[in-house]
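To start, the structure under review is shown below, and the notes come after it.
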Amino acid sequence: MLHIINKSPLTSVTLDTCLNTATGGDILLIEDAVYAATRGNAAEARLRAAMGQFKFHVLMPDLDARGLGDRLIDGVSPVDYGGFVDLTSSNKSCQSWL
């Protein structure tokens, strides 16, 4: 399953809720959720701890738009819009976490 998260871990518990509820799969961080994929943020340790259970992806145009393209955590896969489409088509189902 592809889990899509768009809320910042600084203002929302959406990422934590997903990590505590889901049993695995791909997680795509888009919009303000891309902050979770950067070195030095408050959610970094939580994201790193979950890397054994989930494969993390980040939408690079959203990361770049926030000026954070050079702070991507090792182990998080950057994707462009085509990669976003590939993730949605390669997973049986998608869940957007609000």
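The way I read the labels, and the way they are meant: chains A, B, ... in the order of the structure tokens, residue 1 as the first residue of every chain, and ligand 1 as the first ligand shown, with later ones counted on from there.
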Expected answer as a PyMOL selection string: strand (DSSP E or B) residues in chain A: chain A and resi 2-5+25-29+38+54-59+72+77-79+94-97
What lies within 10 Å of Leu28 (chain A) using only C-alpha atoms, ignoring chain neighbours under 2 positions off, as a VMD selection string? chain A and resid 2 to 6 25 to 26 30 33 to 34 55 to 59 76 to 79 84 87 to 88 96
Report the closest atom pair, with its distance in Å rounded to one decimal, for each residue of region 32-89 of chain A that has an atom no farther than 12 Å from region 15-19 of chain A; count only C-alpha atoms, sort by chain and then rising residue number, and write it as JSON lines.
```
{"residue": "A:Asp32", "atom": "CA", "partner": "A:Leu15", "partner_atom": "CA", "distance": 11.3}
{"residue": "A:Ala33", "atom": "CA", "partner": "A:Leu15", "partner_atom": "CA", "distance": 8.0}
{"residue": "A:Val34", "atom": "CA", "partner": "A:Leu15", "partner_atom": "CA", "distance": 10.7}
{"residue": "A:Tyr35", "atom": "CA", "partner": "A:Leu15", "partner_atom": "CA", "distance": 11.0}
{"residue": "A:Ala36", "atom": "CA", "partner": "A:Leu15", "partner_atom": "CA", "distance": 8.4}
{"residue": "A:Ala37", "atom": "CA", "partner": "A:Leu15", "partner_atom": "CA", "distance": 11.2}
{"residue": "A:Ala42", "atom": "CA", "partner": "A:Leu15", "partner_atom": "CA", "distance": 11.9}
{"residue": "A:Ala43", "atom": "CA", "partner": "A:Leu15", "partner_atom": "CA", "distance": 8.8}
{"residue": "A:Glu44", "atom": "CA", "partner": "A:Leu15", "partner_atom": "CA", "distance": 11.3}
{"residue": "A:Ala45", "atom": "CA", "partner": "A:Asp16", "partner_atom": "CA", "distance": 11.7}
{"residue": "A:Arg46", "atom": "CA", "partner": "A:Asp16", "partner_atom": "CA", "distance": 8.2}
{"residue": "A:Leu47", "atom": "CA", "partner": "A:Leu19", "partner_atom": "CA", "distance": 8.7}
{"residue": "A:Arg48", "atom": "CA", "partner": "A:Leu19", "partner_atom": "CA", "distance": 11.5}
{"residue": "A:Ala49", "atom": "CA", "partner": "A:Leu19", "partner_atom": "CA", "distance": 10.1}
{"residue": "A:Ala50", "atom": "CA", "partner": "A:Leu19", "partner_atom": "CA", "distance": 7.3}
{"residue": "A:Met51", "atom": "CA", "partner": "A:Leu19", "partner_atom": "CA", "distance": 10.3}
{"residue": "A:Gly52", "atom": "CA", "partner": "A:Leu19", "partner_atom": "CA", "distance": 11.6}
{"residue": "A:Gln53", "atom": "CA", "partner": "A:Leu19", "partner_atom": "CA", "distance": 9.1}
{"residue": "A:Phe54", "atom": "CA", "partner": "A:Leu19", "partner_atom": "CA", "distance": 8.6}
{"residue": "A:Lys55", "atom": "CA", "partner": "A:Leu19", "partner_atom": "CA", "distance": 11.6}
{"residue": "A:Phe56", "atom": "CA", "partner": "A:Leu19", "partner_atom": "CA", "distance": 11.4}
```
Report, in Å with one decimal, the straight-line distance from CA of Ser93 (chain A) to CA of Leu10 (chain A). 27.1 Å
Where in region 3-76 of chain A does DSSP assign alpha helix (DSSP H), given as a VMD selection string? chain A and resid 14 to 21 44 to 49 60 to 65
Counting only C-alpha atoms, the residue of A:Cys94, A:Ala22, A:Met60, A:Ile27 that sits nearest Tyr81 (chain A): A:Met60
So, with only C-alpha atoms as the atoms that count, which of A:Gly24, A:Ser12, A:Pro61, A:Lys7 lies closest to Gly82 (chain A)? A:Pro61
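The interatomic distance for the pair CA of Trp97 (chain A) and CA of Thr23 (chain A) works out to 14.2 Å.
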Using only C-alpha atoms, determine which residues lie at most 10 Å from Asp70 (chain A), disregarding the query and same-chain residues fewer than 5 positions distant; provide the list as number ranges by chain. A: 38-39, 63-64
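Closest approach to Leu68 (chain A) among A:Asn41, A:Gln95, A:Thr21, A:Thr14 is made by A:Asn41 (distances from only C-alpha atoms).
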